[in-house]
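K.L.:
One structure is given below, represented as structure tokens, and several questions about it will come after.
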Protein chains: 2
Amino acid sequence: MRLSRSFVPTLRDDPVEAEVASHRLLLRGGFIRQVAAGVYTTLPLGLRVMRKIETIVREEMERVGSAELRMPITLPAEPWKKSGRWDLYGDLMFRLRDRHDREMLLGPTQEEVVAELAAGDLPSYRDLPVSVFQVEWKYRDEFRPRFGLLRGREFLMKDAYSVDRDEDGMRESYRVMYEAYERVFDRCQLDYVIVEAEAGQIGGGVNHEFLAGAAVGEDRYVECEHGDYLSDLKAARPHPPEPADEGTEELVVMETPNTPTIEDLCALLGSEPAQTLKCIMFDAAGQTVSVLVPGDREVNEAKLEQLLFPKPVRRFEDDDFEARGYVKGYVGPQGLGDDVLVLADHAVRGGRDWITGANQSDRHVRGANVGRDFRVDRYEDLVELRDGDRCPVDGGTLRIARAIVLGHIYQLGTHYSAPLDATFVDEDGSARPYLMGSYGIGISRVMAAAVEQFHDDGGIVWPTVLAPFEVVVILANVDDEAVAAEAQRIYEGLLAIGVDACLDDRAARAGVKFADADLIGYPVQLVVGRKGLGQGQVDLKVRSTGERSSAEPSGVIERVGELLAVVNARPAVASP
Amino acid sequence: MRLSRSFVPTLRDDPVEAEVASHRLLLRGGFIRQVAAGVYTTLPLGLRVMRKIETIVREEMERVGSAELRMPITLPAEPWKKSGRWDLYGDLMFRLRDRHDREMLLGPTQEEVVAELAAGDLPSYRDLPVSVFQVEWKYRDEFRPRFGLLRGREFLMKDAYSVDRDEDGMRESYRVMYEAYERVFDRCQLDYVIVEAEAGQIGGGVNHEFLAGAAVGEDRYVECEHGDYLSDLKAARPHPPEPADEGTEELVVMETPNTPTIEDLCALLGSEPAQTLKCIMFDAAGQTVSVLVPGDREVNEAKLEQLLFPKPVRRFEDDDFEARGYVKGYVGPQGLGDDVLVLADHAVRGGRDWITGANQSDRHVRGANVGRDFRVDRYEDLVELRDGDRCPVDGGTLRIARAIVLGHIYQLGTHYSAPLDATFVDEDGSARPYLMGSYGIGISRVMAAAVEQFHDDGGIVWPTVLAPFEVVVILANVDDEAVAAEAQRIYEGLLAIGVDACLDDRAARAGVKFADADLIGYPVQLVVGRKGLGQGQVDLKVRSTGERSSAEPSGVIERVGELLAVVNARPAVASP
């Protein structure tokens with residue numbers, strides 16, 4: 001590509017709206033432009049990078065026998081009402097009504113479409129298994145779109161779906177995709193980890209996230225100091241504590257004026273938060289749910305939602321306390337009615353003689369013990385994990401790190417096929433729901449994550465496989481015909497041997513072109529200028545190391561080939 | 001591709017909902033599936049055909065220096081309000097509100113986005129010209145989506161935009177694109193014509209449509225028997241009549257009870273419709289407009305809208321007649337006030353002594369003549385052309401034909417840049433609006449049009465360049481390992497020499513595979529079966545001619561190469 005005939009509008013200054021490196025550099029380098037909050041035009045350079053990621057993903061999907069198709073973006077509401085996602089997504093879903101007042105949505109993922117497609121066209125067990133994928137734009141009406149392509153409202157995704165006859169088949173399809181994902185992210189040269197995760201709005205059982213470590217990441221995951229445990233923070237289980245001995249204290253009511261918070265209470269009593277027991281009240285579709293956790297821990301509401309799915313879960317509001325006869329800030333588990341579901345985190349087994357609410361204003365109790373003073377219906381994983389918690393595998397110390405979610409894969413089971421009545425006829429003549437899996441990669445987000453991992457003060461330092469071009473030939477003196485002819489010759493020579501090169505023949509000063517080359521991040525820069533040619537040489541620079549060299553014009557094409565081989569063999573170096 | 005690992009659900013029977021060949025065959029051949037009215041999933045075979053069309057289009061766009069980018073589908077309303085299209089599109093536009101209640105739309109085309117992009121990133125005349133294109137799905141909420149991909153609500157389009165400094169530049173960009181379009185449709189081997197057209201909702205001046213002749217087409221165009229005039233029907237101008245001599249009759253009022261229509265009137269008077277003068281009343285944003293045409297002609301409202309743009313035009317309703325003091329069914333041009341704009345078609349110059357309304361109920365006049373009895377403010381092209389009208393170039397007979405619009409190109413001028421205040425700084429320091437052009441090709445519609453033009457009773461007969469695969473290797477006996485191995489060897493041999501082949505290794509009867517091969521329309525079929533191999537041969541069939549031949553397994557790859565060369569050299573034969 002000749003840049004003079006393309007559209008590569010680089011910016012000299014940092015855009016004020018860009019808070020993170022990828023947003024800033026993708027704007028400055030002329031890869032993207034904003035059209036609305038979280039909605040971007042992908043400019044020619046950005047499109048080239050996305051296509052390179054897409055190609056890697058497509059090759060790995062085809063390698064595992066997934067067939068490419070393309071599903072629509074505008075979808076009818078009915079299947080989404082049956083699956084429950086019409087309600088579950090809430091404001092996160094773009095909704096519209098067509099001219100005939102029919103409800104529609106813009107697809108955030110397409111499980112419902114695949115379930116209905118299978119029901120129509122895969123009637124028999126003989127038609128299974130089938131795996132399909134697409135690369136298409138997806139829509140989520142984020143409350144606060146931010147960080148450029150990292151959290152957009154319109155984003156490019158590869159989504160694949162497996163349709164199997166039984167659990168074993170589903171697990172095998174999942175295993176094959178898991179390995180394909182490893183190959184995709186290895187080939188993209190990203191620094192990533194794979195963690196157990198929670199299913200969120202997609203639903204289903206076993207699932208894994210593929211995470212790129214990044215300080216700006218909005219996802220948090222947990223890793224053991226010994227490397228034997230990795231989990232998404234929301235899905236992480238700390239090591240359960242040793243069960244405590246029987247309690248020894250009597251239950252005593254204390255006057256504790258103005259202590260609705262744990263902090264106030266501990267200050268008054270001179271106690272540690274870990275000695276107190278929080279009794280947090282929730283509503284789950286009319287059912288009152290009480291969650292017990294030690295006073296120094298927080299409830300992981302994502303886990304609670306998962307546990308009570310498909311009931312929608314919300315914390316009590318002031319009205320709920322009043323209407324159901326609880327004293328806000330002073331609730332304790334003693335005497336909760338049979339109509340209340342009492343859940344406790346495993347950590348509650350590790351304590352005794354708890355300080356907790358007395359169910360009266362400005363009063364608490366001490367010496368509360370399970371069994372004697374209150375009941376627990378079920379123990380579950382319900383606390384948020386903290387930095388320094390113990391590893392569930394080996395008891396080592398856990399560390400929380402930040403990351404960007406690149407991909408997420410799910411064993412869905414019959415989560416969609418059952419409510420949508422998507423069934424096939426099995427060998428014995430019975431109708432059974434398909435066992436499905438779904439597998440997503442955020443293509444546009446991979447692009448942004450790569451920039452987060454690979455940049456320096458001068459700009460982006462693309463891994464060669466993702467760079468918009470492997471080599472830029474910089475024509476330093478546009479007005480000199482002999483120099484221009486030589487640059488053109490070298491550029492065409494590179495194309496002829498299969499190097500993905502571009503020619504920067506724009507009518508700009510050489511200094512601007514050098515800065516743009518660093519900013520855009522071509523792995524190899526080649527400068528053809530009057531001065532150099534006068535000395536019988538062209539100049540080369542490797543972007544990632546800054547190494548400079550020169551070569552005779554006659555040998556430069558071969559030299560570029562050698563440099564690229566070296567650059568490609570070297571693992572990409574992450575930004576500090 | 002091995003069909004056993006893909007997703008090619010062919011149907012034995014014609015789907016009842018499919019009224020036209022392309023809809024029926026694309027459903028039956030497993031190319032598409034409906035998700036909602038006018039909204040389809042593109043299955044693997046359909047996607048392959050679309051990609052082939054896309055590749056041809058992309059190559060021709062890049063050849064003329066257009067740079068590929070990708071614009072969003074969800075767009076903010078503001079620029080569309082400035083351009084006027086927010087109102088102009090009416091119900092045809094998909095609209096939504098995001099969670100913050102901001103108005104958005106789904107892009108039907110993206111002129112506003114390009115104008116704003118230019119304004120942000122092409123500040124100087126030195127940055128011009130620029131040409132960009134994308135291949136992306138487009139949205140139109142059709143009142144009655146029908147005919148499968150021919151009139152969908154979600155459809156794949158290549159849209160290109162040129163941004164120039166002046167009129168000459170715009171015209172040159174347009175010329176280059178016009179030629180690129182000819183190459184695209186020539187390469188697709190479609191039977192097409194290029195006609196002058198009218199600008200419709202896109203707006204602007206000079207524009208051309210690229211039309212594929214098809215009996216099911218919803219567009220009508222006009223051609224002269226001598227081949228020297230082609231025009232979209234709405235844009236067509238019939239040869240103006242010779243001006244008539246001065247009128248000779250006196251103006252006489254006649255009693256004509258119950259004659260609000262021309263038909264009734266002529267029956268009563270024994271006159272010809274051509275002797276009567278229709279005076280049709282319109283409202284254009286509050287302005288009363290009277291359009292005069294001979295009684296045997298219809299007003300072409302598209303032309304009237306174009307003429308009065310940007311004012312919205314509508315015919316008088318009952319209330320308008322009453323409120324403005326006109327007698328519905330009996331309006332004549334005599335005595336129309338100065339506040340009324342009186343337009344007449346050129347055909348009115350060819351008549352005299354008109355019979356027309358008397359502006360009183362149940363009364364007409366005869367002997368009405370322009371000048372003496374009524375005035376005409378402007379003569380314009382305002383009638384719908386009819387089969388048999390005379391050619392404006394040579395007076396030959398015009399014929400109306402049906403066609404599918406494949407592409408439409410427009411010289412937009414400053415139609416978008418002026419209202420959006422999208423300007424650059426010219427050499428003299430002044431701010432000037434960009435001169436734009438826009439250029440669309442309906443990729444998914446090209447696919448359907450190709451099926452309309454190329455099919456027979458057995459199914460689709462793709463031109464090789466558009467076929468999902470050039471060759472199908474049919475494995476006739478799946479359960480015979482030796483036969484399967486030979487089919488596999490031939491399939492891989494074809495891939496190795498660059499033939500786009502697939503292997504039909506599905507667990508189906510041979511007869512089903514033969515029928516599917518005809519239905520899907522691979523240009524060359526190759527059958528590997530036990531019986532044939534026993535006689536030392538494989539069987540070949542050319543889809544378009546039905547020619548059958550056989551070859552020894554050792555020489556079959558070479559033979560396929562020869563057959564493809566012959567098939568490709570032969571022009572595609574249109575369906576009867």
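In the structure tokens, chains take the letters A, B, ... in the order shown, each chain's residues start at 1, and ligands count up from 1 in the order shown.
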Fewer than 3 positions away in the same chain doesn't count, so skip those; otherwise give me all residues within 8 Å of Leu304 in chain B, counting only C-alpha atoms, as a list in words.
P.N.:
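Everything that qualifies: Asn300, Glu301, Leu307, Leu308, Val313 and Leu382 of chain B.
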K.L.:
Please identify every residue of chain B that has at least one atom no farther than 7 Å from an atom of chain A, counting only C-alpha atoms, and for each give the shortest atom pair and the distance in Å to one decimal, arranged by chain then increasing number, as a Markdown table.
P.N.:
| residue | atom | partner | partner_atom | distance |
| --- | --- | --- | --- | --- |
| B:Arg5 | CA | A:Gly65 | CA | 6.0 |
| B:Ser6 | CA | A:Ala67 | CA | 5.1 |
| B:Phe7 | CA | A:Ala67 | CA | 6.6 |
| B:Pro9 | CA | A:Asp121 | CA | 6.1 |
| B:Ala36 | CA | A:Pro76 | CA | 6.3 |
| B:Val39 | CA | A:Pro72 | CA | 6.6 |
| B:Tyr40 | CA | A:Pro72 | CA | 6.2 |
| B:Thr41 | CA | A:Met71 | CA | 4.4 |
| B:Thr42 | CA | A:Arg70 | CA | 5.0 |
| B:Leu43 | CA | A:Leu69 | CA | 4.7 |
| B:Pro44 | CA | A:Leu69 | CA | 4.7 |
| B:Leu47 | CA | A:Leu69 | CA | 6.1 |
| B:Gly65 | CA | A:Arg5 | CA | 6.0 |
| B:Ala67 | CA | A:Ser6 | CA | 5.1 |
| B:Glu68 | CA | A:Pro44 | CA | 5.5 |
| B:Leu69 | CA | A:Pro44 | CA | 4.7 |
| B:Arg70 | CA | A:Thr42 | CA | 5.0 |
| B:Met71 | CA | A:Thr41 | CA | 4.4 |
| B:Pro72 | CA | A:Thr41 | CA | 5.8 |
| B:Pro76 | CA | A:Ala36 | CA | 6.3 |
| B:Asp91 | CA | A:Arg99 | CA | 6.0 |
| B:Phe94 | CA | A:Asp98 | CA | 6.6 |
| B:Arg95 | CA | A:Leu96 | CA | 6.8 |
| B:Leu96 | CA | A:Leu96 | CA | 5.1 |
| B:Asp98 | CA | A:Phe94 | CA | 6.6 |
| B:Arg99 | CA | A:Asp91 | CA | 6.0 |
| B:Asp121 | CA | A:Pro9 | CA | 6.1 |
| B:Asp141 | CA | A:Asp98 | CA | 6.8 |
K.L.:
With only C-alpha atoms as the counted atoms, please give the residues lying no more than 10 Å from range 254-268 of chain A, apart from itself and same-chain residues fewer than 5 positions off, as a list in words.
P.N.:
Pro273, Ala274, Gln275, Thr276, Leu277, Lys278, Gly295, Asp296, Val327, Lys328, Gly329, Tyr330, Val331, Ile355, Thr356, Gly357, Ala358, Gln360, Ser361, Asp362, Arg363, His364, Val365 and Arg366 of chain A
K.L.:
Between B:Val383, B:Ser290, B:Cys391, B:Gly536, which residue has the minimum interatomic distance to Leu341 in chain B, considering only C-alpha atoms?
P.N.:
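Of the candidates, the smallest distance to Leu341 in chain B is held by B:Ser290.
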K.L.:
Could you pull out the strand (DSSP E or B) residues of range 217-303 of chain A from DSSP and send them as a PyMOL selection string?
P.N.:
chain A and resi 219-224+230-232+252-255+276-284+287-294+299
K.L.:
Print the selection's residues with N, CA and C atoms to a file, as an mmCIF file, in the first residue's frame.
P.N.:
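Final output, saved to selection.cif:
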data_model
loop_
_atom_site.group_PDB
_atom_site.id
_atom_site.type_symbol
_atom_site.label_atom_id
_atom_site.label_comp_id
_atom_site.auth_asym_id
_atom_site.auth_seq_id
_atom_site.Cartn_x
_atom_site.Cartn_y
_atom_site.Cartn_z
ATOM 1 N N ASP A 219 -10.681 -6.703 34.414
ATOM 2 C CA ASP A 219 -10.965 -7.998 35.016
ATOM 3 C C ASP A 219 -9.866 -8.283 36.049
ATOM 4 N N ARG A 220 -10.263 -8.933 37.161
ATOM 5 C CA ARG A 220 -9.251 -9.300 38.154
ATOM 6 C C ARG A 220 -9.220 -10.810 38.279
ATOM 7 N N TYR A 221 -8.021 -11.347 38.365
ATOM 8 C CA TYR A 221 -7.892 -12.787 38.557
ATOM 9 C C TYR A 221 -6.926 -13.048 39.696
ATOM 10 N N VAL A 222 -6.903 -14.301 40.130
ATOM 11 C CA VAL A 222 -6.143 -14.696 41.315
ATOM 12 C C VAL A 222 -5.125 -15.735 40.903
ATOM 13 N N GLU A 223 -3.890 -15.587 41.391
ATOM 14 C CA GLU A 223 -2.920 -16.649 41.118
ATOM 15 C C GLU A 223 -2.179 -16.999 42.399
ATOM 16 N N CYS A 224 -1.868 -18.276 42.540
ATOM 17 C CA CYS A 224 -1.136 -18.758 43.711
ATOM 18 C C CYS A 224 0.345 -18.475 43.516
ATOM 19 N N LEU A 230 -5.147 -20.774 39.326
ATOM 20 C CA LEU A 230 -5.473 -19.548 38.601
ATOM 21 C C LEU A 230 -6.986 -19.492 38.521
ATOM 22 N N SER A 231 -7.563 -18.357 38.810
ATOM 23 C CA SER A 231 -9.010 -18.240 38.723
ATOM 24 C C SER A 231 -9.396 -16.789 38.525
ATOM 25 N N ASP A 232 -10.476 -16.602 37.808
ATOM 26 C CA ASP A 232 -11.084 -15.286 37.775
ATOM 27 C C ASP A 232 -11.459 -14.928 39.211
ATOM 28 N N VAL A 252 -25.150 -12.742 74.949
ATOM 29 C CA VAL A 252 -25.426 -11.566 75.772
ATOM 30 C C VAL A 252 -25.788 -10.399 74.861
ATOM 31 N N VAL A 253 -26.856 -9.683 75.207
ATOM 32 C CA VAL A 253 -27.238 -8.500 74.444
ATOM 33 C C VAL A 253 -26.495 -7.279 74.998
ATOM 34 N N MET A 254 -25.939 -6.464 74.048
ATOM 35 C CA MET A 254 -25.182 -5.273 74.465
ATOM 36 C C MET A 254 -25.836 -4.015 73.900
ATOM 37 N N GLU A 255 -25.755 -2.924 74.700
ATOM 38 C CA GLU A 255 -26.188 -1.627 74.177
ATOM 39 C C GLU A 255 -25.051 -1.099 73.295
ATOM 40 N N THR A 276 -16.719 -10.363 64.222
ATOM 41 C CA THR A 276 -18.133 -10.040 64.029
ATOM 42 C C THR A 276 -18.698 -10.844 62.862
ATOM 43 N N LEU A 277 -20.009 -11.007 62.874
ATOM 44 C CA LEU A 277 -20.692 -11.773 61.826
ATOM 45 C C LEU A 277 -21.685 -10.854 61.132
ATOM 46 N N LYS A 278 -21.444 -10.657 59.793
ATOM 47 C CA LYS A 278 -22.382 -9.827 59.030
ATOM 48 C C LYS A 278 -23.529 -10.700 58.536
ATOM 49 N N CYS A 279 -24.723 -10.131 58.604
ATOM 50 C CA CYS A 279 -25.918 -10.838 58.160
ATOM 51 C C CYS A 279 -26.598 -9.951 57.108
ATOM 52 N N ILE A 280 -26.239 -10.215 55.833
ATOM 53 C CA ILE A 280 -26.671 -9.327 54.748
ATOM 54 C C ILE A 280 -27.958 -9.877 54.132
ATOM 55 N N MET A 281 -28.933 -8.981 53.957
ATOM 56 C CA MET A 281 -30.263 -9.402 53.507
ATOM 57 C C MET A 281 -30.451 -9.133 52.007
ATOM 58 N N PHE A 282 -30.965 -10.140 51.303
ATOM 59 C CA PHE A 282 -31.233 -10.031 49.869
ATOM 60 C C PHE A 282 -32.665 -10.446 49.566
ATOM 61 N N ASP A 283 -33.126 -9.976 48.432
ATOM 62 C CA ASP A 283 -34.391 -10.462 47.892
ATOM 63 C C ASP A 283 -34.099 -11.215 46.597
ATOM 64 N N ALA A 284 -34.654 -12.421 46.487
ATOM 65 C CA ALA A 284 -34.502 -13.201 45.256
ATOM 66 C C ALA A 284 -35.910 -13.565 44.787
ATOM 67 N N GLN A 287 -38.307 -14.131 47.583
ATOM 68 C CA GLN A 287 -37.722 -14.956 48.665
ATOM 69 C C GLN A 287 -36.710 -14.103 49.452
ATOM 70 N N THR A 288 -36.829 -14.098 50.794
ATOM 71 C CA THR A 288 -35.821 -13.408 51.611
ATOM 72 C C THR A 288 -34.620 -14.340 51.807
ATOM 73 N N VAL A 289 -33.434 -13.812 51.502
ATOM 74 C CA VAL A 289 -32.208 -14.600 51.624
ATOM 75 C C VAL A 289 -31.257 -13.852 52.549
ATOM 76 N N SER A 290 -30.725 -14.554 53.552
ATOM 77 C CA SER A 290 -29.781 -13.946 54.488
ATOM 78 C C SER A 290 -28.420 -14.581 54.255
ATOM 79 N N VAL A 291 -27.400 -13.754 54.030
ATOM 80 C CA VAL A 291 -26.058 -14.278 53.753
ATOM 81 C C VAL A 291 -25.132 -13.907 54.911
ATOM 82 N N LEU A 292 -24.523 -14.908 55.521
ATOM 83 C CA LEU A 292 -23.627 -14.690 56.664
ATOM 84 C C LEU A 292 -22.175 -14.781 56.209
ATOM 85 N N VAL A 293 -21.420 -13.734 56.513
ATOM 86 C CA VAL A 293 -19.965 -13.745 56.250
ATOM 87 C C VAL A 293 -19.278 -13.057 57.422
ATOM 88 N N PRO A 294 -18.029 -13.413 57.721
ATOM 89 C CA PRO A 294 -17.301 -12.701 58.774
ATOM 90 C C PRO A 294 -17.251 -11.202 58.467
ATOM 91 N N VAL A 299 -19.435 -9.844 50.561
ATOM 92 C CA VAL A 299 -20.194 -10.850 49.815
ATOM 93 C C VAL A 299 -19.892 -10.708 48.320
#
K.L.:
May I ask for the distance between CA of Leu398 in chain B and CA of Ala449 in chain B, given in Å to one decimal place?
P.N.:
24.4 Å
K.L.:
Residues of range 34-179 of chain A classed as alpha helix (DSSP H) by DSSP on the backbone are to be reported as a ChimeraX atom specification.
P.N.:
/A:44-63,78-83,85-88,111-121,167-179
K.L.:
Ranking B:Leu88, B:Ala212, B:Ala448, B:Val16 by minimum distance to Leu406 in chain B and counting only C-alpha atoms, which one comes first?
P.N.:
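With only C-alpha atoms as the atom set, the closest residue is B:Ala212.
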